[in-house]
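S.K.: So that you have it, the file is start.pdb, and it contains PDB, C-alpha atoms:
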ATOM      1  CA  MET C   1       0.000   0.000   0.000
ATOM      2  CA  ALA C   2       1.382   3.398  -0.993
ATOM      3  CA  LEU C   3       2.115   5.861   1.797
ATOM      4  CA  THR C   4       2.271   9.638   1.567
ATOM      5  CA  ILE C   5       4.573  11.737   3.708
ATOM      6  CA  VAL C   6       3.641  15.351   4.378
ATOM      7  CA  ALA C   7       6.561  17.226   5.930
ATOM      8  CA  LYS C   8       5.827  20.781   7.051
ATOM      9  CA  ILE C   9       9.018  22.804   7.296
ATOM     10  CA  LYS C  10       9.462  26.249   8.847
ATOM     11  CA  ALA C  11      12.650  27.971   7.702
ATOM     12  CA  LYS C  12      14.544  30.793   9.340
ATOM     13  CA  PRO C  13      14.057  33.864   7.130
ATOM     14  CA  GLU C  14      17.786  34.113   6.445
ATOM     15  CA  GLY C  15      17.939  30.417   5.496
ATOM     16  CA  VAL C  16      15.000  30.152   3.076
ATOM     17  CA  ASP C  17      16.956  30.309  -0.175
ATOM     18  CA  GLN C  18      19.583  27.824   0.993
ATOM     19  CA  LEU C  19      16.923  25.443   2.326
ATOM     20  CA  VAL C  20      14.831  25.573  -0.855
ATOM     21  CA  THR C  21      17.962  24.857  -2.906
ATOM     22  CA  ALA C  22      18.838  21.879  -0.691
ATOM     23  CA  LEU C  23      15.297  20.476  -0.804
ATOM     24  CA  LYS C  24      15.129  20.787  -4.595
ATOM     25  CA  ALA C  25      18.522  19.112  -4.912
ATOM     26  CA  VAL C  26      17.514  16.106  -2.772
ATOM     27  CA  ALA C  27      14.311  15.661  -4.785
ATOM     28  CA  ILE C  28      16.253  14.719  -7.923
ATOM     29  CA  PRO C  29      17.936  11.534  -6.590
ATOM     30  CA  SER C  30      14.937  10.742  -4.384
ATOM     31  CA  ARG C  31      12.634  10.530  -7.410
ATOM     32  CA  GLU C  32      15.005   7.939  -8.898
ATOM     33  CA  GLU C  33      14.843   5.654  -5.862
ATOM     34  CA  ALA C  34      12.984   2.363  -6.048
ATOM     35  CA  GLY C  35       9.548   2.812  -4.545
ATOM     36  CA  CYS C  36       9.321   6.578  -5.003
ATOM     37  CA  GLU C  37       6.042   7.456  -6.689
ATOM     38  CA  SER C  38       6.300  11.235  -6.259
ATOM     39  CA  TYR C  39       8.445  13.773  -4.428
ATOM     40  CA  GLN C  40       7.411  17.430  -4.591
ATOM     41  CA  LEU C  41       8.286  20.616  -2.733
ATOM     42  CA  TYR C  42       5.537  23.203  -2.225
ATOM     43  CA  LEU C  43       6.064  26.839  -1.259
ATOM     44  CA  ASN C  44       3.540  29.076   0.495
ATOM     45  CA  PRO C  45       3.124  32.133  -1.764
ATOM     46  CA  ASP C  46       2.191  34.278   1.249
ATOM     47  CA  ASP C  47       5.024  33.154   3.548
ATOM     48  CA  PRO C  48       8.376  32.181   2.027
ATOM     49  CA  THR C  49       9.476  30.533   5.283
ATOM     50  CA  ASP C  50       6.582  28.042   5.088
ATOM     51  CA  LEU C  51       7.529  24.959   3.028
ATOM     52  CA  VAL C  52       5.865  21.577   2.549
ATOM     53  CA  MET C  53       7.409  18.427   1.072
ATOM     54  CA  VAL C  54       4.885  15.849  -0.147
ATOM     55  CA  GLU C  55       6.233  12.410  -1.004
ATOM     56  CA  THR C  56       4.515   9.188  -2.002
ATOM     57  CA  TRP C  57       6.312   5.885  -1.512
ATOM     58  CA  ALA C  58       5.325   2.330  -2.392
ATOM     59  CA  ASP C  59       5.628   1.092   1.205
ATOM     60  CA  ASN C  60       7.441   1.407   4.543
ATOM     61  CA  ASP C  61      10.497  -0.404   3.184
ATOM     62  CA  ALA C  62      10.929   2.224   0.455
ATOM     63  CA  ILE C  63      10.671   4.989   3.069
ATOM     64  CA  ALA C  64      13.223   3.278   5.309
ATOM     65  CA  THR C  65      15.644   2.885   2.412
ATOM     66  CA  HIS C  66      15.175   6.538   1.453
ATOM     67  CA  ASN C  67      15.769   7.697   5.034
ATOM     68  CA  LYS C  68      19.123   5.862   5.039
ATOM     69  CA  SER C  69      20.233   7.193   1.640
ATOM     70  CA  PRO C  70      23.360   9.390   1.580
ATOM     71  CA  HIS C  71      21.557  12.289  -0.114
ATOM     72  CA  PHE C  72      18.770  12.295   2.488
ATOM     73  CA  GLN C  73      21.206  11.982   5.407
ATOM     74  CA  ALA C  74      23.212  14.921   4.005
ATOM     75  CA  LEU C  75      20.009  16.973   3.709
ATOM     76  CA  VAL C  76      19.093  16.327   7.336
ATOM     77  CA  ALA C  77      22.528  17.509   8.491
ATOM     78  CA  ASP C  78      22.532  20.553   6.197
ATOM     79  CA  MET C  79      18.985  21.715   6.903
ATOM     80  CA  THR C  80      19.009  21.567  10.701
ATOM     81  CA  PRO C  81      20.635  24.998  11.229
ATOM     82  CA  LEU C  82      18.248  26.545   8.681
ATOM     83  CA  LEU C  83      15.065  25.510  10.520
ATOM     84  CA  ALA C  84      13.011  27.883  12.669
ATOM     85  CA  GLY C  85      11.412  24.970  14.530
ATOM     86  CA  PRO C  86      10.933  21.218  14.520
ATOM     87  CA  LEU C  87       9.642  19.434  11.439
ATOM     88  CA  ASP C  88       5.992  18.379  11.437
ATOM     89  CA  ILE C  89       5.958  15.024   9.636
ATOM     90  CA  GLN C  90       2.898  12.900   8.972
ATOM     91  CA  ILE C  91       2.835   9.534   7.224
ATOM     92  CA  LEU C  92      -0.573   8.935   5.692
ATOM     93  CA  LYS C  93      -2.269   6.000   4.001
ATOM     94  CA  PRO C  94      -5.201   6.252   1.611
ATOM     95  CA  ALA C  95      -8.662   5.908   3.102
ATOM     96  CA  LYS C  96     -10.487   2.798   1.930
ATOM     97  CA  ASP C  97     -13.066   3.449  -0.766
ATOM     98  CA  ALA C  98     -12.105   7.119  -1.070
TER
END
Take the structure in this file and express it as structure tokens.

M.R.:
Amino acid sequence: MALTIVAKIKAKPEGVDQLVTALKAVAIPSREEAGCESYQLYLNPDDPTDLVMVETWADNDAIATHNKSPHFQALVADMTPLLAGPLDIQILKPAKDA
């Protein structure tokens, strides 16, 4: 069963451009990973510090593999000082018969 990750990210104002660049860069290899169905960054047009990453993966194993990937691990290390607060991450499954 496919799972969707919604990661809400709040950037420090001075770190927005660097964070957006890093998130876009990690999307490229992530989309090539086995089990990745989609990987998209969304920007709030009214608040540039408000970012959302929406990812769909084939299953938990694909997510676990992605989380261990070198490009994702590098992103986590690079983005931490650019964040204004903790990440808000939800892993969602489709509702039956929706």

S.K.: Please measure the separation of atom CA of Pro70 of chain C and atom CA of Glu33 of chain C, giving the value in Å to one decimal.

M.R.: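 Separation between atom CA of Pro70 of chain C and atom CA of Glu33 of chain C: 11.9 Å.
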
S.K.: Which residues are close to Ala77 of chain C, i.e. within 12 Å by only C-alpha atoms, leaving aside same-chain residues fewer than 6 positions away? Reply as a PDB file with C-alpha atoms, keeping the file's coordinate frame.

M.R.:
ATOM      1  CA  LEU C  19      16.923  25.443   2.326  1.00  0.00           C
ATOM      2  CA  ALA C  22      18.838  21.879  -0.691  1.00  0.00           C
ATOM      3  CA  PRO C  70      23.360   9.390   1.580  1.00  0.00           C
ATOM      4  CA  HIS C  71      21.557  12.289  -0.114  1.00  0.00           C
ATOM      5  CA  LEU C  83      15.065  25.510  10.520  1.00  0.00           C
TER       6      LEU C  83
END

S.K.: One number please: atom CA of Gln90 of chain C to atom CA of Leu43 of chain C, in Å, one decimal.

M.R.: 17.6 Å

S.K.: For each of C:Thr4, C:Gln40, C:Ser30, C:Ala84, take the minimum atom-to-atom distance to Lys68 of chain C, counting only C-alpha atoms, then give the residue where this is smallest.

M.R.: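 Result for the nearest residue to Lys68 of chain C: C:Ser30.
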
S.K.: Check what the PyMOL selection byres ((chain C and resi 39) around 6) selects in the file above and give those residues as a list in words.

M.R.: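 Matching residues under the PyMOL selection byres ((chain C and resi 39) around 6) are Ser38, Gln40, Val54 and Glu55 of chain C.
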
S.K.: Restricting it to C-alpha atoms, dump the selection as an mmCIF file, in the frame of the given file.

M.R.:
data_model
loop_
_atom_site.group_PDB
_atom_site.id
_atom_site.type_symbol
_atom_site.label_atom_id
_atom_site.label_comp_id
_atom_site.auth_asym_id
_atom_site.auth_seq_id
_atom_site.Cartn_x
_atom_site.Cartn_y
_atom_site.Cartn_z
ATOM 1 C CA SER C 38 6.300 11.235 -6.259
ATOM 2 C CA GLN C 40 7.411 17.430 -4.591
ATOM 3 C CA VAL C 54 4.885 15.849 -0.147
ATOM 4 C CA GLU C 55 6.233 12.410 -1.004
#

S.K.: Using only C-alpha atoms, which of the listed residues (C:Asp50, C:Asp59, C:Glu37, C:Glu32) sits closest to Leu87 of chain C?

M.R.: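 Among the listed residues, C:Asp50 lies closest to Leu87 of chain C.
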
S.K.: Would you mind listing what lies within 9 Å of Met1 of chain C as a list in words, with all atoms listed in the file counted and same-chain residues fewer than 2 positions away left out?

M.R.: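 In the requested format, the answer is Leu3, Trp57, Ala58, Asp59, Asn60, Lys93 and Pro94 of chain C.
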
S.K.: Rank nothing, just name the residue among C:Val6, C:Ile63, C:Ala34, C:Ala11 nearest to Gly85 of chain C, using only C-alpha atoms.

M.R.: C:Ala11

S.K.: Interatomic distance between atom CA of Val16 of chain C and atom CA of Arg31 of chain C?

M.R.: 22.4 Å

S.K.: Please expand the PyMOL selection byres ((chain C and resi 7) around 6) into the concrete residues it hits in this file, giving the result as a ChimeraX atom specification.

M.R.: /C:6,8,52-53,88-89

S.K.: Grab the residues selected above and save them as a PDB file, keeping the file's coordinate frame with C-alpha atoms.

M.R.:
ATOM      1  CA  VAL C   6       3.641  15.351   4.378  1.00  0.00           C
ATOM      2  CA  LYS C   8       5.827  20.781   7.051  1.00  0.00           C
ATOM      3  CA  VAL C  52       5.865  21.577   2.549  1.00  0.00           C
ATOM      4  CA  MET C  53       7.409  18.427   1.072  1.00  0.00           C
ATOM      5  CA  ASP C  88       5.992  18.379  11.437  1.00  0.00           C
ATOM      6  CA  ILE C  89       5.958  15.024   9.636  1.00  0.00           C
TER       7      ILE C  89
END
